[in-house]
$ cat final.tsv   # TSV, C-alpha atoms
chain	number	residue	atom	x	y	z
A	1427	MET	CA	0.00	0.00	0.00
A	1428	ASN	CA	1.42	3.43	-0.81
A	1429	SER	CA	1.42	6.07	1.90
A	1430	LYS	CA	-1.25	8.24	0.27
A	1431	GLN	CA	-4.08	5.98	1.17
A	1432	TYR	CA	-7.31	7.41	2.48
A	1433	VAL	CA	-9.43	5.61	5.00
A	1434	ALA	CA	-13.08	6.15	5.89
A	1435	ARG	CA	-15.35	4.53	8.41
A	1436	SER	CA	-18.11	2.52	6.77
A	1437	SER	CA	-21.64	3.69	7.41
A	1438	GLU	CA	-22.71	0.04	7.79
A	1439	ILE	CA	-21.47	-0.31	11.33
A	1440	ALA	CA	-22.46	0.37	14.89
A	1441	ALA	CA	-19.67	1.58	17.16
A	1442	ARG	CA	-19.19	2.65	20.71
A	1443	ARG	CA	-16.14	3.85	22.56
A	1444	LEU	CA	-15.53	2.31	25.98
A	1445	GLY	CA	-12.62	3.94	27.74
A	1446	ASP	CA	-9.75	3.88	25.27
A	1447	GLU	CA	-11.12	0.92	23.31
A	1448	MET	CA	-13.67	0.88	20.53
A	1449	MET	CA	-16.30	-1.78	19.93
A	1450	ILE	CA	-17.53	-2.05	16.37
A	1451	MET	CA	-20.22	-4.29	15.00
A	1452	SER	CA	-20.60	-4.86	11.31
A	1453	ALA	CA	-24.20	-4.22	10.37
A	1454	ARG	CA	-23.61	-6.36	7.32
A	1455	ASP	CA	-22.75	-9.64	9.03
A	1456	SER	CA	-22.96	-8.84	12.79
A	1457	THR	CA	-19.24	-9.53	13.26
A	1458	LEU	CA	-17.94	-7.86	16.40
A	1459	PHE	CA	-14.55	-6.17	16.72
A	1460	THR	CA	-12.77	-4.65	19.68
A	1461	LEU	CA	-10.06	-2.15	18.76
A	1462	ASN	CA	-7.15	-1.48	21.10
A	1463	PRO	CA	-6.18	2.13	21.85
A	1464	VAL	CA	-3.85	2.45	18.84
A	1465	ALA	CA	-6.40	0.99	16.45
A	1466	THR	CA	-9.06	3.19	18.04
A	1467	ALA	CA	-6.98	6.29	17.32
A	1468	ILE	CA	-6.67	5.28	13.67
A	1469	TRP	CA	-10.37	4.49	13.48
A	1470	GLU	CA	-11.31	7.86	14.88
A	1471	GLY	CA	-9.01	9.61	12.46
A	1472	ALA	CA	-10.47	7.78	9.46
A	1473	ASP	CA	-12.52	10.72	8.21
A	1474	GLY	CA	-12.13	9.92	4.53
A	1475	SER	CA	-10.20	13.09	3.76
A	1476	THR	CA	-7.02	12.74	5.84
A	1477	PRO	CA	-4.33	10.47	4.36
A	1478	LEU	CA	-3.42	7.50	6.51
A	1479	ASP	CA	0.16	8.65	6.95
A	1480	GLN	CA	-1.07	11.95	8.42
A	1481	ILE	CA	-3.42	10.13	10.78
A	1482	VAL	CA	-0.48	8.06	11.94
A	1483	GLU	CA	1.72	11.12	12.37
A	1484	ARG	CA	-0.88	13.16	14.25
A	1485	ARG	CA	-2.55	10.51	16.36
A	1486	ILE	CA	-0.09	7.66	16.84
A	1487	CYS	CA	3.58	8.63	16.72
A	1488	THR	CA	3.58	11.14	19.56
A	1489	ALA	CA	0.82	9.68	21.67
A	1490	PHE	CA	2.22	6.16	21.61
A	1491	GLU	CA	5.90	7.00	21.09
A	1492	VAL	CA	6.28	4.94	17.94
A	1493	GLU	CA	8.48	5.64	14.92
A	1494	HIS	CA	6.54	6.82	11.91
A	1495	ASP	CA	7.58	4.02	9.53
A	1496	VAL	CA	6.78	1.30	12.03
A	1497	ALA	CA	3.46	2.87	12.98
A	1498	LEU	CA	2.49	3.39	9.34
A	1499	ARG	CA	3.27	-0.22	8.45
A	1500	ASP	CA	1.10	-1.45	11.33
A	1501	ALA	CA	-1.65	1.02	10.44
A	1502	GLU	CA	-1.70	-0.16	6.83
A	1503	ALA	CA	-1.99	-3.77	7.95
A	1504	LEU	CA	-4.80	-2.87	10.34
A	1505	ALA	CA	-6.63	-0.86	7.69
A	1506	GLU	CA	-6.47	-3.77	5.27
A	1507	ARG	CA	-7.81	-6.18	7.88
A	1508	LEU	CA	-10.71	-3.90	8.77
A	1509	ALA	CA	-11.40	-3.28	5.10
A	1510	GLU	CA	-11.64	-7.02	4.50
A	1511	HIS	CA	-14.54	-7.05	6.96
A	1512	GLY	CA	-16.16	-4.04	5.34
A	1513	ILE	CA	-16.01	-1.77	8.36
A	1514	LEU	CA	-13.31	0.51	6.93
A	1515	LEU	CA	-13.08	1.78	3.37
A	1516	LEU	CA	-9.78	2.30	1.54
A	1517	SER	CA	-9.07	4.53	-1.43
A	1518	ASP	CA	-6.20	6.21	-3.25
A	1519	ALA	CA	-8.21	9.43	-3.28
A	1520	PRO	CA	-10.23	11.30	-0.65
A	1521	PHE	CA	-13.77	10.03	-0.19
A	1522	THR	CA	-16.81	12.08	-0.95
A	1523	ARG	CA	-19.67	11.85	1.54
A	1524	PRO	CA	-22.16	10.15	-0.81
A	1525	GLU	CA	-19.49	7.60	-1.66
A	1526	ARG	CA	-19.00	6.73	2.00
A	1527	GLU	CA	-22.71	6.55	2.75
A	1528	SER	CA	-23.35	4.20	-0.12
A	1529	LYS	CA	-20.96	1.60	1.35
B	763	MET	CA	-79.31	-17.03	0.70
B	764	PRO	CA	-79.80	-17.00	4.45
B	765	GLY	CA	-78.90	-20.27	6.11
B	766	LEU	CA	-76.62	-21.45	3.34
B	767	ALA	CA	-73.58	-19.34	4.20
B	768	THR	CA	-70.54	-21.57	4.50
B	769	GLY	CA	-67.97	-19.14	5.95
B	770	ALA	CA	-65.69	-20.97	8.37
B	771	GLU	CA	-66.04	-20.04	11.99
B	772	ARG	CA	-63.30	-17.71	13.23
B	773	PHE	CA	-61.63	-17.83	16.62
B	774	ASP	CA	-59.14	-15.60	18.30
B	775	VAL	CA	-56.94	-15.55	21.35
B	776	GLY	CA	-54.73	-12.89	22.88
B	777	ILE	CA	-51.19	-13.84	23.96
B	778	ALA	CA	-49.46	-11.22	26.09
B	779	ILE	CA	-45.73	-11.74	26.55
B	780	GLY	CA	-43.67	-8.95	28.04
B	781	GLY	CA	-46.81	-6.91	28.45
B	782	LEU	CA	-47.29	-6.79	24.66
B	783	PRO	CA	-50.56	-8.50	23.72
B	784	ILE	CA	-50.76	-10.10	20.27
B	785	ARG	CA	-54.05	-11.27	18.83
B	786	ILE	CA	-53.98	-14.59	17.02
B	787	CYS	CA	-56.88	-15.36	14.67
B	788	LEU	CA	-57.55	-18.79	13.24
B	789	ASN	CA	-60.36	-21.02	12.07
B	790	ASP	CA	-59.46	-24.25	13.83
B	791	ALA	CA	-61.05	-24.80	17.25
B	792	GLU	CA	-58.72	-27.67	18.11
B	793	PHE	CA	-55.58	-25.63	17.43
B	794	LEU	CA	-57.09	-22.77	19.40
B	795	ARG	CA	-57.25	-25.10	22.41
B	796	VAL	CA	-53.63	-26.13	21.80
B	797	LEU	CA	-52.59	-22.47	21.90
B	798	GLN	CA	-54.64	-21.75	25.00
B	799	GLU	CA	-52.94	-24.61	26.80
B	800	ARG	CA	-49.49	-23.85	25.44
B	801	TYR	CA	-49.65	-20.22	26.55
B	802	ALA	CA	-51.66	-20.68	29.73
B	803	GLY	CA	-50.84	-17.82	32.05
B	804	PHE	CA	-50.12	-15.56	29.09
B	805	VAL	CA	-53.56	-15.73	27.47
B	806	THR	CA	-55.37	-12.44	27.56
B	807	SER	CA	-58.34	-10.74	25.97
B	808	PRO	CA	-57.73	-10.33	22.24
B	809	SER	CA	-59.55	-7.01	22.19
B	810	GLY	CA	-56.70	-4.99	23.66
B	811	ALA	CA	-54.02	-6.42	21.38
B	812	LYS	CA	-51.69	-4.03	19.61
B	813	PHE	CA	-50.77	-6.55	16.92
B	814	GLU	CA	-52.66	-9.20	15.06
B	815	PHE	CA	-51.70	-12.36	13.22
B	816	GLU	CA	-53.90	-14.57	11.10
B	817	ILE	CA	-52.90	-18.23	11.13
B	818	ASP	CA	-53.43	-20.12	7.93
B	819	LEU	CA	-53.08	-23.80	8.77
B	820	ALA	CA	-51.43	-25.95	6.15
B	821	PRO	CA	-51.56	-29.75	5.81
B	822	PRO	CA	-48.83	-31.69	7.65
B	823	GLY	CA	-45.41	-31.45	6.02
B	824	LEU	CA	-42.88	-28.78	5.28
B	825	ILE	CA	-43.90	-25.31	4.18
B	826	SER	CA	-40.52	-24.79	2.55
B	827	GLU	CA	-37.24	-26.65	2.18
B	828	ASP	CA	-35.19	-24.07	4.06
B	829	GLU	CA	-34.62	-25.25	7.62
B	830	ASP	CA	-32.68	-22.19	8.72
B	831	VAL	CA	-34.54	-19.19	10.09
B	832	ARG	CA	-34.56	-16.27	7.67
B	833	VAL	CA	-35.89	-12.89	8.71
B	834	ARG	CA	-35.74	-10.06	6.22
B	835	LEU	CA	-37.41	-6.75	5.61
B	836	ASP	CA	-38.98	-6.53	2.16
B	837	SER	CA	-40.72	-3.31	1.13
B	838	GLY	CA	-41.72	-2.46	4.67
B	839	ARG	CA	-42.92	-5.96	5.43
B	840	TRP	CA	-41.06	-8.50	7.54
B	841	CYS	CA	-40.78	-11.95	6.01
B	842	LEU	CA	-40.07	-14.80	8.42
B	843	ASP	CA	-39.21	-18.21	7.05
B	844	ARG	CA	-38.25	-21.61	8.35
B	845	GLY	CA	-39.03	-25.05	7.01
B	846	ASP	CA	-42.16	-25.29	9.13
B	847	PHE	CA	-43.59	-21.80	8.63
B	848	HIS	CA	-43.76	-18.75	6.43
B	849	ALA	CA	-44.93	-15.54	8.04
B	850	GLU	CA	-45.31	-11.99	6.86
B	851	TRP	CA	-45.74	-9.05	9.14
B	852	ASN	CA	-46.43	-5.44	8.34
B	853	ALA	CA	-45.27	-3.78	11.53
B	854	SER	CA	-46.68	-0.36	10.70
B	855	ALA	CA	-50.10	-1.84	10.01
B	856	ALA	CA	-49.68	-4.10	13.06
B	857	ARG	CA	-50.99	-7.08	11.07
B	858	GLY	CA	-49.47	-10.27	9.83
B	859	ARG	CA	-50.15	-13.74	8.50
B	860	ILE	CA	-48.58	-17.07	9.40
B	861	ARG	CA	-48.76	-20.15	7.23
B	862	GLN	CA	-47.85	-23.19	9.28
B	863	THR	CA	-48.93	-26.67	10.16
B	864	ALA	CA	-50.98	-27.29	13.30
B	865	ASN	CA	-48.10	-27.44	15.76
B	866	PRO	CA	-47.30	-24.96	18.52
B	867	TYR	CA	-43.56	-24.86	17.76
B	868	SER	CA	-43.99	-22.83	14.60
B	869	ILE	CA	-46.03	-20.05	16.14
B	870	ASP	CA	-43.70	-20.14	19.13
B	871	ALA	CA	-40.78	-19.35	16.81
B	872	VAL	CA	-42.75	-16.63	15.06
B	873	LEU	CA	-43.65	-15.01	18.36
B	874	ARG	CA	-40.03	-15.06	19.49
B	875	ILE	CA	-38.92	-13.38	16.29
B	876	VAL	CA	-41.68	-10.79	16.38
B	877	HIS	CA	-40.84	-9.94	19.97
B	878	THR	CA	-37.14	-9.54	19.14
B	879	LEU	CA	-38.14	-7.05	16.45
B	880	LEU	CA	-40.51	-5.17	18.74
B	881	LEU	CA	-38.02	-5.08	21.59
B	882	ALA	CA	-35.15	-3.88	19.41
B	883	GLU	CA	-37.13	-0.76	18.57
B	884	GLU	CA	-37.34	0.16	22.23
B	885	GLY	CA	-33.88	-0.88	23.43
B	886	GLY	CA	-34.81	-4.31	24.77
B	887	PHE	CA	-34.06	-7.86	23.71
B	888	LEU	CA	-34.62	-11.55	24.24
B	889	VAL	CA	-31.59	-13.28	25.66
B	890	HIS	CA	-30.57	-16.89	26.19
B	891	ALA	CA	-30.87	-16.71	29.97
B	892	ALA	CA	-32.83	-18.17	32.80
B	893	SER	CA	-34.29	-15.54	35.09
B	894	ALA	CA	-35.95	-15.39	38.46
B	895	VAL	CA	-37.35	-12.79	40.82
B	896	ARG	CA	-36.15	-12.70	44.38
B	897	ASN	CA	-36.98	-9.99	46.92
B	898	GLY	CA	-38.67	-8.00	44.18
B	899	ARG	CA	-35.65	-7.92	41.89
B	900	ALA	CA	-34.90	-9.98	38.81
B	901	PHE	CA	-31.68	-11.90	38.22
B	902	LEU	CA	-30.66	-13.17	34.81
B	903	PHE	CA	-28.44	-16.20	34.25
B	904	ALA	CA	-27.12	-16.23	30.70
B	905	GLY	CA	-25.38	-18.95	28.81
B	906	VAL	CA	-25.49	-21.18	25.81
B	907	SER	CA	-27.03	-24.62	25.91
B	908	GLY	CA	-25.28	-26.67	28.60
B	909	ALA	CA	-24.01	-23.65	30.55
B	910	GLY	CA	-26.38	-24.32	33.44
B	911	LYS	CA	-29.59	-22.36	32.84
B	912	THR	CA	-31.78	-25.34	33.64
B	913	THR	CA	-29.58	-26.34	36.57
B	914	ILE	CA	-29.65	-22.92	38.21
B	915	SER	CA	-33.43	-22.86	37.68
B	916	ARG	CA	-33.88	-26.25	39.31
B	917	LEU	CA	-31.77	-25.16	42.26
B	918	ALA	CA	-33.79	-21.98	42.87
B	919	PRO	CA	-35.10	-21.67	46.44
B	920	GLU	CA	-38.81	-21.48	47.23
B	921	ASP	CA	-38.78	-17.71	47.58
B	922	ALA	CA	-37.51	-17.27	44.02
B	923	VAL	CA	-40.14	-16.96	41.28
B	924	LEU	CA	-38.98	-18.39	37.97
B	925	LEU	CA	-39.52	-16.14	34.93
B	926	THR	CA	-38.00	-18.61	32.48
B	927	ASP	CA	-35.41	-21.35	32.35
B	928	GLU	CA	-34.45	-20.59	28.76
B	929	ILE	CA	-35.19	-17.19	27.22
B	930	SER	CA	-35.43	-14.01	29.23
B	931	TYR	CA	-37.45	-11.02	28.15
B	932	VAL	CA	-35.74	-7.69	28.78
B	933	ARG	CA	-37.47	-4.36	28.32
B	934	LYS	CA	-35.97	-0.94	28.75
B	935	GLN	CA	-38.24	1.11	30.91
B	936	GLU	CA	-38.07	4.41	32.63
B	937	GLY	CA	-35.45	4.14	35.31
B	938	GLY	CA	-33.80	0.96	34.08
B	939	TYR	CA	-34.46	-2.50	32.74
B	940	SER	CA	-37.13	-5.01	33.66
B	941	ALA	CA	-37.36	-8.73	33.10
B	942	PHE	CA	-40.69	-10.33	32.23
B	943	GLY	CA	-41.79	-13.92	32.54
B	944	THR	CA	-42.00	-15.87	29.29
B	945	PRO	CA	-43.67	-19.05	28.10
B	946	PHE	CA	-40.45	-19.94	26.27
B	947	THR	CA	-39.21	-22.98	28.09
B	948	GLY	CA	-36.07	-25.08	28.06
B	949	GLU	CA	-35.45	-28.51	29.52
B	950	LEU	CA	-37.51	-27.67	32.59
B	951	ALA	CA	-40.59	-27.43	30.34
B	952	LYS	CA	-42.22	-25.15	32.90
B	953	LEU	CA	-43.76	-21.87	31.85
B	954	GLY	CA	-42.43	-18.84	33.64
B	955	GLU	CA	-44.62	-16.71	35.85
B	956	ASN	CA	-46.20	-13.84	33.95
B	957	ILE	CA	-44.78	-11.11	36.16
B	958	GLN	CA	-42.09	-8.45	35.84
B	959	ALA	CA	-39.39	-7.02	38.05
B	960	PRO	CA	-36.49	-4.57	37.73
B	961	ILE	CA	-33.26	-6.32	36.79
B	962	ALA	CA	-30.66	-6.30	39.53
B	963	ALA	CA	-27.88	-8.21	37.75
B	964	LEU	CA	-26.91	-10.38	34.83
B	965	TYR	CA	-24.82	-13.44	35.61
B	966	LEU	CA	-22.82	-15.22	32.91
B	967	LEU	CA	-22.97	-18.87	33.84
B	968	ALA	CA	-19.92	-21.10	34.14
B	969	GLN	CA	-19.91	-24.41	35.97
B	970	GLY	CA	-16.78	-24.96	38.05
B	971	SER	CA	-15.32	-26.43	41.21
B	972	GLU	CA	-16.42	-23.63	43.54
B	973	ASN	CA	-19.09	-20.99	43.89
B	974	ARG	CA	-17.76	-17.55	43.07
B	975	ILE	CA	-18.83	-14.28	41.52
B	976	ASP	CA	-16.48	-12.10	39.48
B	977	PRO	CA	-17.39	-8.76	37.92
B	978	VAL	CA	-17.32	-8.53	34.14
B	979	ARG	CA	-17.01	-5.06	32.69
B	980	GLY	CA	-16.70	-3.05	29.53
B	981	THR	CA	-16.16	-4.74	26.22
B	982	GLU	CA	-16.08	-8.20	27.76
B	983	ALA	CA	-19.55	-7.73	29.26
B	984	ILE	CA	-20.98	-6.39	26.00
B	985	ARG	CA	-19.38	-9.14	23.95
B	986	ALA	CA	-20.75	-11.81	26.29
B	987	LEU	CA	-24.21	-10.27	26.30
B	988	LEU	CA	-24.30	-9.94	22.51
B	989	SER	CA	-23.33	-13.58	22.12
B	990	ASN	CA	-26.45	-14.54	24.08
B	991	ILE	CA	-28.99	-12.14	22.57
B	992	LEU	CA	-31.49	-13.72	20.18
B	993	PHE	CA	-31.22	-11.98	16.90
B	994	PHE	CA	-32.49	-13.15	13.53
B	995	ALA	CA	-32.97	-10.26	11.18
B	996	GLU	CA	-30.75	-9.62	8.19
B	997	ASP	CA	-31.16	-5.90	8.57
B	998	ALA	CA	-28.45	-3.32	9.20
B	999	GLU	CA	-30.64	-0.99	11.24
B	1000	LEU	CA	-31.70	-3.82	13.53
B	1001	VAL	CA	-28.06	-4.82	14.03
B	1002	ARG	CA	-27.34	-1.27	15.14
B	1003	LEU	CA	-30.28	-1.24	17.52
B	1004	VAL	CA	-29.27	-4.53	19.13
B	1005	PHE	CA	-25.66	-3.39	19.48
B	1006	GLU	CA	-26.77	-0.16	21.11
B	1007	ALA	CA	-29.15	-2.03	23.39
B	1008	ALA	CA	-26.37	-4.35	24.58
B	1009	CYS	CA	-24.02	-1.42	25.22
B	1010	GLU	CA	-26.68	0.47	27.16
B	1011	PHE	CA	-27.67	-2.55	29.20
B	1012	ALA	CA	-24.08	-3.48	30.10
B	1013	GLY	CA	-23.45	0.12	31.08
B	1014	ARG	CA	-26.37	0.22	33.50
B	1015	VAL	CA	-26.84	-3.30	34.85
B	1016	PRO	CA	-24.05	-5.05	36.76
B	1017	VAL	CA	-22.68	-8.05	34.87
B	1018	TYR	CA	-20.88	-10.88	36.66
B	1019	ARG	CA	-19.45	-14.26	35.87
B	1020	LEU	CA	-21.11	-16.79	38.15
B	1021	THR	CA	-19.03	-19.91	38.54
B	1022	PHE	CA	-21.00	-22.50	40.42
B	1023	LEU	CA	-21.23	-26.01	41.69
B	1024	PRO	CA	-24.50	-27.73	40.89
B	1025	ASP	CA	-25.98	-27.48	44.39
B	1026	ALA	CA	-28.40	-25.10	46.05
B	1027	ARG	CA	-25.73	-23.15	47.97
B	1028	VAL	CA	-25.08	-21.05	44.89
B	1029	TRP	CA	-28.34	-19.25	45.56
B	1030	GLU	CA	-26.96	-17.99	48.89
B	1031	MET	CA	-24.91	-15.62	46.74
B	1032	ILE	CA	-27.91	-14.35	44.77
B	1033	SER	CA	-29.97	-11.80	46.63

$ encode --input "final.tsv" --output "structure tokens"
Amino acid sequence: MNSKQYVARSSEIAARRLGDEMMIMSARDSTLFTLNPVATAIWEGADGSTPLDQIVERRICTAFEVEHDVALRDAEALAERLAEHGILLLSDAPFTRPERESK
Amino acid sequence: MPGLATGAERFDVGIAIGGLPIRICLNDAEFLRVLQERYAGFVTSPSGAKFEFEIDLAPPGLISEDEDVRVRLDSGRWCLDRGDFHAEWNASAARGRIRQTANPYSIDAVLRIVHTLLLAEEGGFLVHAASAVRNGRAFLFAGVSGAGKTTISRLAPEDAVLLTDEISYVRKQEGGYSAFGTPFTGELAKLGENIQAPIAALYLLAQGSENRIDPVRGTEAIRALLSNILFFAEDAELVRLVFEAACEFAGRVPVYRLTFLPDARVWEMIS
């Protein structure tokens, strides 16, 4: 994955933050996910218009004291896993709102 | 011509579970008696029912080949299917129709599904849990088959009133959550008492070598609750409602893991 990936939260989910963790349920297949604090930070930054590398820089590197390259590699892997379950959307370009809401 | 009318005689019965009366209409007096016996304690006047179902009895045999339960929303109408029944329900019109053979299991399944849909709209749910009222408060004991729901029900002391040994009925009400008795029975085959009480706690059952209670919080409590909630519909909005209901419940009602030996002393810890 190149670093200019954009990530957006799917509209087909239900989510709730509990402390520093996030519970997400896929409305498509009822699969349940619990995100740890790092994954939660990425999830919350996935607004569809901020590139993933900027999310990592702003929300992960300082807060969790992780090097950018390492954090980005982990974030890309996480994003791909969540995308496989349809709860996160990936794109090479920023998302438009109608595009996100249709998925 | 007067006297030659051949319209079949119609019967009806009201079945009130969780305080929600449903009117069942049918044209078979024998099956009416079956329903009245099956839901004894939950039979009510049909006139006050908020919802109505017409039963269309089919000859013995399968209604369809699909043995799995399918519940889907199609143009504003819920379609409920299993091998032994096909039902359609227009929730906004509060009317539905069930095609099934003359056995109580089919309508039992339909009622469970309909109640899960009704409850989801108001933040409640049906959950795989025994429940009982003691000292005016309800206690739920959740678990999959074999976890001990029937055992904990059998061990209940005389001052505990059993609401169900299999499926608990949870409604969100002003001030908290209440559990209602249900006619949905497990191995005990004993209908619950048709009463309600505010829920004091949810216990996740685990059989072990000692009696102990451990708090379960946060995501673990929600995950455990969700795994026990009855949910059938292939509908994204319903999934959201059930998820929200589980989160709300686990945030307001204490959840514990109850490890227990199969003897009556476990109830000394429940009060």

$ residues_around --input "final.tsv" --residues "segment 965-976 of chain B" --least-positions-apart "3" --cutoff "6 Å" --atoms "only C-alpha atoms" --output "ChimeraX atom specification"
/B:902-905,909,1017-1023

$ interface_residues --input "final.tsv" --of "chain A" --to "chain B" --cutoff "8 Å" --atoms "only C-alpha atoms" --output "list in words"
Glu1438, Ile1439, Ala1440, Arg1442, Leu1444, Met1449, Met1451, Ser1452, Ala1453, Arg1454, Ser1456, Leu1458 and Thr1460 of chain A

$ closest_residue --input "final.tsv" --among "B:Ala894, B:Val906, B:Leu953, B:Ile786" --to "Ile860 of chain B" --atoms "only C-alpha atoms"
B:Ile786

$ closest_residue --input "final.tsv" --among "B:Glu883, B:Asp836, B:Glu850, B:Glu814" --to "Ala1007 of chain B" --atoms "all atoms listed in the file"
B:Glu883

$ atom_distance --input "final.tsv" --atom1 "atom CA of Gln958 of chain B" --atom2 "atom CA of Ser940 of chain B"
6.4 Å
